[in-house]
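Dumped structure-v1.cif below, it's mmCIF, C-alpha atoms and all ligand atoms:
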```
data_run
loop_
_atom_site.label_atom_id
_atom_site.label_comp_id
_atom_site.auth_asym_id
_atom_site.auth_seq_id
_atom_site.Cartn_x
_atom_site.Cartn_y
_atom_site.Cartn_z
CA MET A 1 14.54 -46.05 -37.29
CA TRP A 2 12.60 -43.38 -39.19
CA LEU A 3 12.19 -41.52 -35.89
CA VAL A 4 15.97 -41.23 -35.49
CA VAL A 5 16.32 -40.05 -39.08
CA VAL A 6 13.71 -37.37 -38.50
CA SER A 7 15.09 -36.27 -35.13
CA VAL A 8 18.71 -35.85 -36.14
CA PRO A 9 18.18 -32.63 -38.08
CA LEU A 10 15.98 -31.39 -35.22
CA LEU A 11 18.62 -32.06 -32.59
CA PRO A 12 20.29 -28.63 -32.55
CA ALA A 13 16.90 -26.96 -32.29
CA LEU A 14 15.83 -29.29 -29.49
CA LEU A 15 19.05 -28.66 -27.61
CA MET A 16 18.63 -24.93 -27.99
CA VAL A 17 15.05 -25.00 -26.77
CA SER A 18 15.91 -27.18 -23.81
CA SER A 19 18.90 -25.04 -22.82
CA ARG A 20 16.80 -21.92 -23.09
CA PHE A 21 14.09 -23.59 -21.13
CA ARG A 22 16.59 -24.54 -18.43
CA VAL A 23 17.63 -20.93 -18.08
CA LYS A 24 14.00 -19.90 -17.79
CA VAL A 25 13.24 -22.65 -15.29
CA SER A 26 16.21 -21.69 -13.13
CA THR A 27 15.26 -18.00 -13.24
CA LEU A 28 11.73 -18.90 -12.30
CA CYS A 29 12.92 -21.12 -9.46
CA HIS A 30 15.19 -18.37 -8.27
CA GLN A 31 12.37 -15.84 -8.36
CA ALA A 32 9.98 -18.22 -6.61
CA ALA A 33 12.54 -18.93 -3.89
CA ALA A 34 13.23 -15.23 -3.37
CA TRP A 35 9.51 -14.54 -3.23
CA ALA A 36 8.88 -17.36 -0.72
CA LEU A 37 11.75 -16.16 1.43
CA ARG A 38 10.45 -12.59 1.41
CA LEU A 39 6.99 -13.84 2.29
CA LEU A 40 8.32 -15.99 5.12
CA ARG A 41 10.52 -13.20 6.48
CA GLY A 42 7.57 -10.83 6.16
CA LYS A 43 5.33 -13.17 8.16
CA VAL A 44 7.94 -13.74 10.86
CA CYS A 45 8.52 -10.01 11.05
CA VAL A 46 4.81 -9.19 11.24
CA ARG A 47 4.34 -11.82 13.96
CA SER A 48 7.23 -10.65 16.12
CA THR A 49 6.35 -6.97 15.70
CA HIS A 50 2.79 -7.75 16.67
CA ALA A 51 3.85 -9.78 19.71
CA PHE A 52 6.20 -7.05 20.89
CA VAL A 53 3.65 -4.25 20.46
CA PHE A 54 0.77 -6.28 21.88
CA SER A 55 2.59 -7.20 25.08
CA ASN A 56 4.54 -4.00 25.65
CA CYS A 57 2.13 -1.14 24.86
CA THR A 58 -0.54 0.34 27.11
CA HIS A 59 -3.78 -1.03 25.69
CA GLY A 60 -6.28 1.61 24.66
CA LYS A 61 -3.61 4.27 24.13
CA ALA A 62 -2.77 4.99 20.49
CA ASP A 63 0.28 7.07 21.47
CA SER A 64 1.71 4.16 23.42
CA VAL A 65 1.11 1.80 20.48
CA MET A 66 3.05 4.16 18.19
CA GLU A 67 5.90 4.52 20.69
CA THR A 68 6.11 0.75 21.15
CA PHE A 69 6.29 0.25 17.37
CA GLU A 70 9.16 2.75 17.25
CA LEU A 71 10.91 1.08 20.16
CA TYR A 72 10.71 -2.25 18.31
CA ALA A 73 12.01 -0.73 15.07
CA ASP A 74 14.99 0.77 16.95
CA THR A 75 16.50 -2.66 17.51
CA ASN A 76 14.79 -4.99 15.03
CA PRO A 77 14.29 -5.13 11.28
CA SER A 78 10.77 -3.87 10.79
CA LEU A 79 8.28 -3.68 7.95
CA CYS A 80 6.70 -0.51 9.29
CA ILE A 81 7.38 2.76 7.55
CA SER A 82 10.28 4.52 9.25
CA PRO A 83 9.47 7.26 11.79
CA PRO A 84 10.69 10.03 9.38
CA THR A 85 8.36 8.66 6.67
CA GLY A 86 5.62 8.48 9.30
CA GLU A 87 6.24 12.12 10.16
CA ALA A 88 6.02 13.09 6.47
CA VAL A 89 2.68 11.26 6.22
CA ALA A 90 1.43 12.88 9.44
CA GLU A 91 2.33 16.32 8.13
CA VAL A 92 0.14 15.79 5.06
CA VAL A 93 -2.72 14.40 7.16
CA ARG A 94 -2.63 17.44 9.46
CA ARG A 95 -2.65 19.78 6.46
CA VAL A 96 -5.40 17.99 4.52
CA SER A 97 -7.52 17.06 7.59
CA PRO A 98 -9.24 14.23 5.74
CA TYR A 99 -12.48 12.49 6.70
CA GLN A 100 -12.18 9.39 4.61
CA VAL A 101 -8.85 7.71 4.08
CA LEU A 102 -7.94 4.63 2.07
CA GLU A 103 -4.77 2.68 2.80
CA PHE A 104 -3.28 -0.04 0.59
CA GLY A 105 -0.83 -2.30 2.46
CA MET A 106 -1.04 -2.63 6.24
CA HIS A 107 2.31 -4.24 7.05
CA CYS A 108 2.11 -4.18 10.85
CA GLY A 109 -0.66 -1.65 11.43
CA TYR A 110 1.69 1.22 12.31
CA SER A 111 0.53 3.54 9.54
CA SER A 112 -3.14 2.57 10.13
CA VAL A 113 -2.86 3.70 13.76
CA LEU A 114 -0.94 6.81 12.68
CA LEU A 115 -3.75 7.74 10.27
CA LEU A 116 -6.61 6.94 12.66
CA ARG A 117 -5.00 8.96 15.43
CA LEU A 118 -5.09 12.07 13.23
CA LEU A 119 -8.62 11.64 11.84
CA PRO A 120 -11.53 13.61 13.30
CA PRO A 121 -14.01 11.59 15.41
CA ALA A 122 -16.31 11.22 12.40
CA GLY A 123 -13.41 10.17 10.18
CA ARG A 124 -13.00 6.72 8.74
CA LEU A 125 -10.17 4.53 7.49
CA ILE A 126 -10.51 1.74 4.96
CA THR A 127 -7.41 -0.40 4.83
CA VAL A 128 -6.79 -3.10 2.22
CA GLU A 129 -4.27 -5.87 2.86
CA LEU A 130 -3.56 -8.86 0.64
CA ASP A 131 -2.04 -11.16 3.28
CA PRO A 132 -4.70 -12.58 5.66
CA LEU A 133 -2.32 -12.94 8.63
CA THR A 134 -1.06 -9.36 8.28
CA ALA A 135 -4.64 -8.13 8.00
CA GLU A 136 -5.71 -10.06 11.09
CA LEU A 137 -2.77 -8.96 13.26
CA GLY A 138 -3.02 -5.40 11.94
CA GLU A 139 -6.69 -5.23 12.85
CA GLU A 140 -5.89 -6.44 16.34
CA VAL A 141 -3.29 -3.69 16.73
CA ILE A 142 -5.85 -1.07 15.65
CA LEU A 143 -8.29 -2.36 18.27
CA VAL A 144 -5.55 -2.46 20.93
CA ALA A 145 -4.83 1.19 20.10
CA GLY A 146 -8.39 1.91 21.20
CA PHE A 147 -10.17 2.47 17.89
CA LYS A 148 -13.66 1.12 17.21
CA HIS A 149 -14.99 -0.84 14.27
CA THR A 150 -17.14 2.18 13.37
CA GLN A 151 -13.91 4.09 12.61
CA PHE A 152 -12.20 1.61 10.34
CA GLN A 153 -12.67 -1.30 7.99
CA VAL A 154 -10.02 -3.88 7.13
CA LEU A 155 -10.47 -5.63 3.77
CA THR A 156 -8.41 -8.73 3.05
CA SER A 157 -7.96 -8.62 -0.69
CA SER A 158 -5.71 -7.42 -3.46
CA SER A 159 -6.03 -3.72 -4.18
CA ALA A 160 -7.29 -4.39 -7.71
CA ASP A 161 -10.07 -6.66 -6.42
CA ALA A 162 -10.97 -4.29 -3.59
CA ILE A 163 -11.38 -1.12 -5.63
CA PRO A 164 -14.67 -2.01 -7.39
CA THR A 165 -16.18 -3.02 -4.01
CA LEU A 166 -15.20 0.11 -2.05
CA ARG A 167 -18.19 2.37 -2.75
CA PRO A 168 -20.47 0.88 -0.03
CA PHE A 169 -17.74 1.43 2.57
CA LEU A 170 -17.77 5.17 2.04
CA GLU A 171 -19.88 6.88 4.65
CA PRO A 172 -23.08 8.51 3.53
CA GLY A 173 -23.11 12.20 4.36
CA GLU A 174 -22.94 15.62 2.79
CA ARG A 175 -19.19 15.79 2.73
CA THR A 176 -18.15 12.16 2.91
CA SER A 177 -20.29 10.85 0.05
CA GLU A 178 -18.11 12.80 -2.36
CA GLY A 179 -15.35 10.24 -1.97
CA LEU A 180 -11.93 9.75 -0.48
CA ASP A 181 -9.90 12.70 0.81
CA LEU A 182 -6.65 10.83 1.15
CA VAL A 183 -5.15 7.65 -0.29
CA LEU A 184 -1.97 6.09 1.11
CA MET A 185 -0.31 3.54 -1.16
CA ASP A 186 2.23 1.30 0.52
CA HIS A 187 1.60 -2.03 -1.21
CA ASP A 188 3.07 -3.32 -4.48
CA PRO A 189 4.60 -0.30 -6.27
CA GLN A 190 3.85 -1.95 -9.61
CA GLN A 191 0.17 -1.46 -8.78
CA TYR A 192 0.41 2.20 -7.80
CA LEU A 193 -0.44 3.69 -11.17
CA SER A 194 -3.08 1.18 -12.25
CA ASP A 195 -4.79 1.36 -8.85
CA LEU A 196 -4.80 5.14 -8.91
CA LEU A 197 -6.42 5.15 -12.34
CA ALA A 198 -8.93 2.50 -11.21
CA LEU A 199 -9.88 4.63 -8.18
CA GLU A 200 -10.40 7.55 -10.53
CA ARG A 201 -12.50 5.43 -12.93
CA GLU A 202 -14.69 4.25 -10.06
CA ALA A 203 -15.17 7.90 -9.03
CA LEU A 204 -13.85 7.17 -5.54
CA LEU A 205 -11.51 10.16 -5.34
CA ARG A 206 -13.17 13.31 -4.06
CA PRO A 207 -13.70 15.44 -7.19
CA SER A 208 -12.94 18.67 -5.36
CA GLY A 209 -9.61 17.33 -4.14
CA CYS A 210 -7.91 14.16 -2.97
CA SER A 211 -4.33 13.76 -1.79
CA VAL A 212 -2.50 10.61 -2.81
CA LEU A 213 0.67 9.50 -1.03
CA LEU A 214 2.93 6.99 -2.71
CA ILE A 215 5.38 5.43 -0.28
CA HIS A 216 8.73 4.43 -1.81
CA ARG A 217 10.47 1.52 -0.11
CA ASN A 218 13.65 0.51 -1.93
CA GLN A 219 11.89 1.43 -5.15
CA ARG A 220 14.24 2.09 -8.05
CA ALA A 221 14.48 5.77 -8.96
CA GLU A 222 13.65 5.04 -12.59
CA ASP A 223 10.49 3.17 -11.58
CA VAL A 224 9.34 6.15 -9.52
CA ARG A 225 10.20 8.43 -12.42
CA GLY A 226 8.15 6.21 -14.76
CA ILE A 227 5.07 6.64 -12.57
CA LEU A 228 5.56 10.38 -12.24
CA ASP A 229 6.04 10.78 -16.01
CA GLN A 230 2.66 9.12 -16.49
CA ILE A 231 1.11 11.40 -13.87
CA ARG A 232 2.53 14.45 -15.64
CA THR A 233 0.65 13.51 -18.81
CA ARG A 234 -2.57 13.96 -16.78
CA ALA A 235 -1.83 17.50 -15.73
CA ASP A 236 -5.53 18.41 -16.08
CA ARG A 237 -6.34 16.29 -13.03
CA TYR A 238 -3.14 15.56 -11.15
CA CYS A 239 -0.32 17.62 -9.80
CA ILE A 240 2.81 16.46 -8.02
CA LYS A 241 2.90 18.38 -4.77
CA SER A 242 6.14 17.09 -3.34
CA GLU A 243 8.77 14.51 -4.10
CA LEU A 244 10.69 13.13 -1.16
CA GLN A 245 12.97 10.14 -1.28
CA CYS A 246 10.57 8.13 0.87
CA MET A 247 7.29 9.44 -0.50
CA THR A 248 5.61 11.34 -3.31
CA GLU A 249 2.54 13.48 -2.69
CA LEU A 250 0.06 13.88 -5.53
CA PHE A 251 -3.07 15.96 -5.62
CA TYR A 252 -6.10 14.99 -7.68
CA ARG A 253 -8.85 17.38 -8.63
CA LYS A 254 -11.49 16.73 -11.19
CA GLY A 255 -13.54 19.85 -11.36
CA ASN A 256 -13.30 23.56 -10.94
CA THR A 257 -15.00 23.29 -7.56
CA ARG A 258 -13.61 24.95 -4.42
CA THR A 259 -10.13 26.18 -3.88
CA ASP A 260 -7.01 24.16 -3.32
CA ARG A 261 -6.79 23.03 0.27
C1 LIG B 301 8.59 -6.53 25.51
O1 LIG B 301 9.70 -5.65 25.70
C2 LIG B 301 10.83 -6.26 26.33
C3 LIG B 301 11.84 -5.17 26.61
O2 LIG B 301 12.08 -4.34 25.50
C4 LIG B 301 11.36 -7.36 25.43
O3 LIG B 301 12.49 -7.98 26.00
C5 LIG B 301 10.26 -8.39 25.20
O4 LIG B 301 10.72 -9.40 24.32
C6 LIG B 301 9.02 -7.74 24.65
N1 LIG B 301 7.92 -8.71 24.52
C7 LIG B 301 7.67 -9.38 23.39
C8 LIG B 301 6.57 -10.40 23.48
O5 LIG B 301 8.25 -9.18 22.35
#
```

Kindly return the structure encoded in the file as structure tokens.
Amino acid sequence: MWLVVVSVPLLPALLMVSSRFRVKVSTLCHQAAAWALRLLRGKVCVRSTHAFVFSNCTHGKADSVMETFELYADTNPSLCISPPTGEAVAEVVRRVSPYQVLEFGMHCGYSSVLLLRLLPPAGRLITVELDPLTAELGEEVILVAGFKHTQFQVLTSSSADAIPTLRPFLEPGERTSEGLDLVLMDHDPQQYLSDLLALEREALLRPSGCSVLLIHRNQRAEDVRGILDQIRTRADRYCIKSELQCMTELFYRKGNTRTDR
């Protein structure tokens, strides 16, 4: 009896909490469902892209792998960056002529092959992918394109976990030991800024100059602006070289060494 007496005044509060909780639970469920669906679609897409490229390209020919990816994307929804975005990336790579490149987010391996194809023979790509299946299929595509394990390294991990472990993957050498020449970010846009700052903290960006490409896939304009506003507050080290709808190019330089490339 005393329990009822005590609970009656609490009833409105309890009702309020439970109704609020219900809203939260349903939002959470909704988010979880959307996330699972995206993940599932992503996996299906990665699998079918991989199957198409694997069976329809000329093995050992990077150009053929690229063309087959583009052929697939012509008629199927694809997770690869679009050919115009690919061309924008390629333009930067040709201009910067990097030795050591870091990629976050492999999707189907299209951009990995694009990057490797433009690197010099001594160049090296480190690519970090969170999803094990995507990493495995992406690695296979890189090998099918004719590249060797000495030219690339696939790490299956989140970007945040990978960053502190990257140093040993950088090649020793007069030029290469300075750090990364190019970073391509095409993973979770919410990680772009924190990962960039972590790479800087770990002294992985080449002090005399490192280009950073942020790929924008359906990213809200205000979110992109938020990142760029943060970058602008670090004008001593970063400059925004170009802003396209699909991609932003940043340039990092720590010291007063050498001239702008
Ligand atoms: C290879 O290409 C053909 C023609 O475009 C297509 O019908 C076929 O499904 C592709 N193979 C795979 C495994 O996707």

Open item on the list: Hey, which residues sit close to ligand LIG 301 (chain B)? Say within 9 Å, counting all atoms listed in the file, and write them as a PyMOL selection string.
Closed with: chain A and resi 48-57+68+71-72

Task: One-decimal distance in Å that lies between atom CA of A:Leu79 and atom CA of A:Gln219 - done: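 Atom CA of A:Leu79 lies 14.5 Å from atom CA of A:Gln219.
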
Open item on the list: So, with all atoms listed in the file as the atoms that count, which of A:Pro83, A:Gly209, A:Gly109, A:Pro189 lies closest to A:Ala221?
Closed with: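 Closest candidate: A:Pro189.
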
- [ ] Take atom CA of A:Leu155 and atom CA of A:Glu129 and report the distance between them in Å, one decimal.
- [x]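 Separation of atom CA of A:Leu155 and atom CA of A:Glu129: 6.3 Å.
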
- [ ] Please determine the residues with any atom at most 10 Å from (-12.5, 9.6, 16.9) (coordinates as given in the file, with all atoms listed in the file counting) and report them as a PyMOL selection string.
- [x] chain A and resi 116-124+146-148+150-151

Open item on the list: Between A:Pro98, A:Pro84, A:Gly179, A:Gly60, which residue has the minimum interatomic distance to A:Gln245, considering all atoms listed in the file?
Closed with: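 Using all atoms listed in the file, A:Gln245 sits closest to A:Pro84.
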
- [ ] One decimal, Å: what's the distance from atom CA of A:Ser78 over to atom CA of A:Glu222, could you say?
- [x]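 These two atoms are separated by 25.2 Å.
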
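Each of A:Glu70, A:Glu91, A:Asp181, A:Asp236 was checked against A:Ser211 using all atoms listed in the file; the smallest atom-to-atom distance is that of A:Asp181.
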
- [ ] Find the residues near A:Val65: any atom within 8 Å, counting all atoms listed in the file, skip ones fewer than 5 places away on the same chain, and give them as a list in words.
- [x]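 The filter keeps Val53, Cys57, Thr58, His59, Val141, Val144 and Ala145 of chain A.
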
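When only C-alpha atoms are used to measure the gap to A:Ala88, the shortest distance among A:Cys239, A:Cys246, A:Leu204, A:Ile126 belongs to A:Cys246.
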
TODO: Go through A:Leu170, A:Arg225, A:Val183, A:Glu200 and flag the residue nearest A:Val92, using all atoms listed in the file for the distances.
DONE: A:Val183

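Comparing the minimum interatomic distances between A:Gly138 and each of A:Tyr99, A:Phe251, A:Phe152, A:Phe169, counting all atoms listed in the file, we find that A:Phe152 sits nearest.
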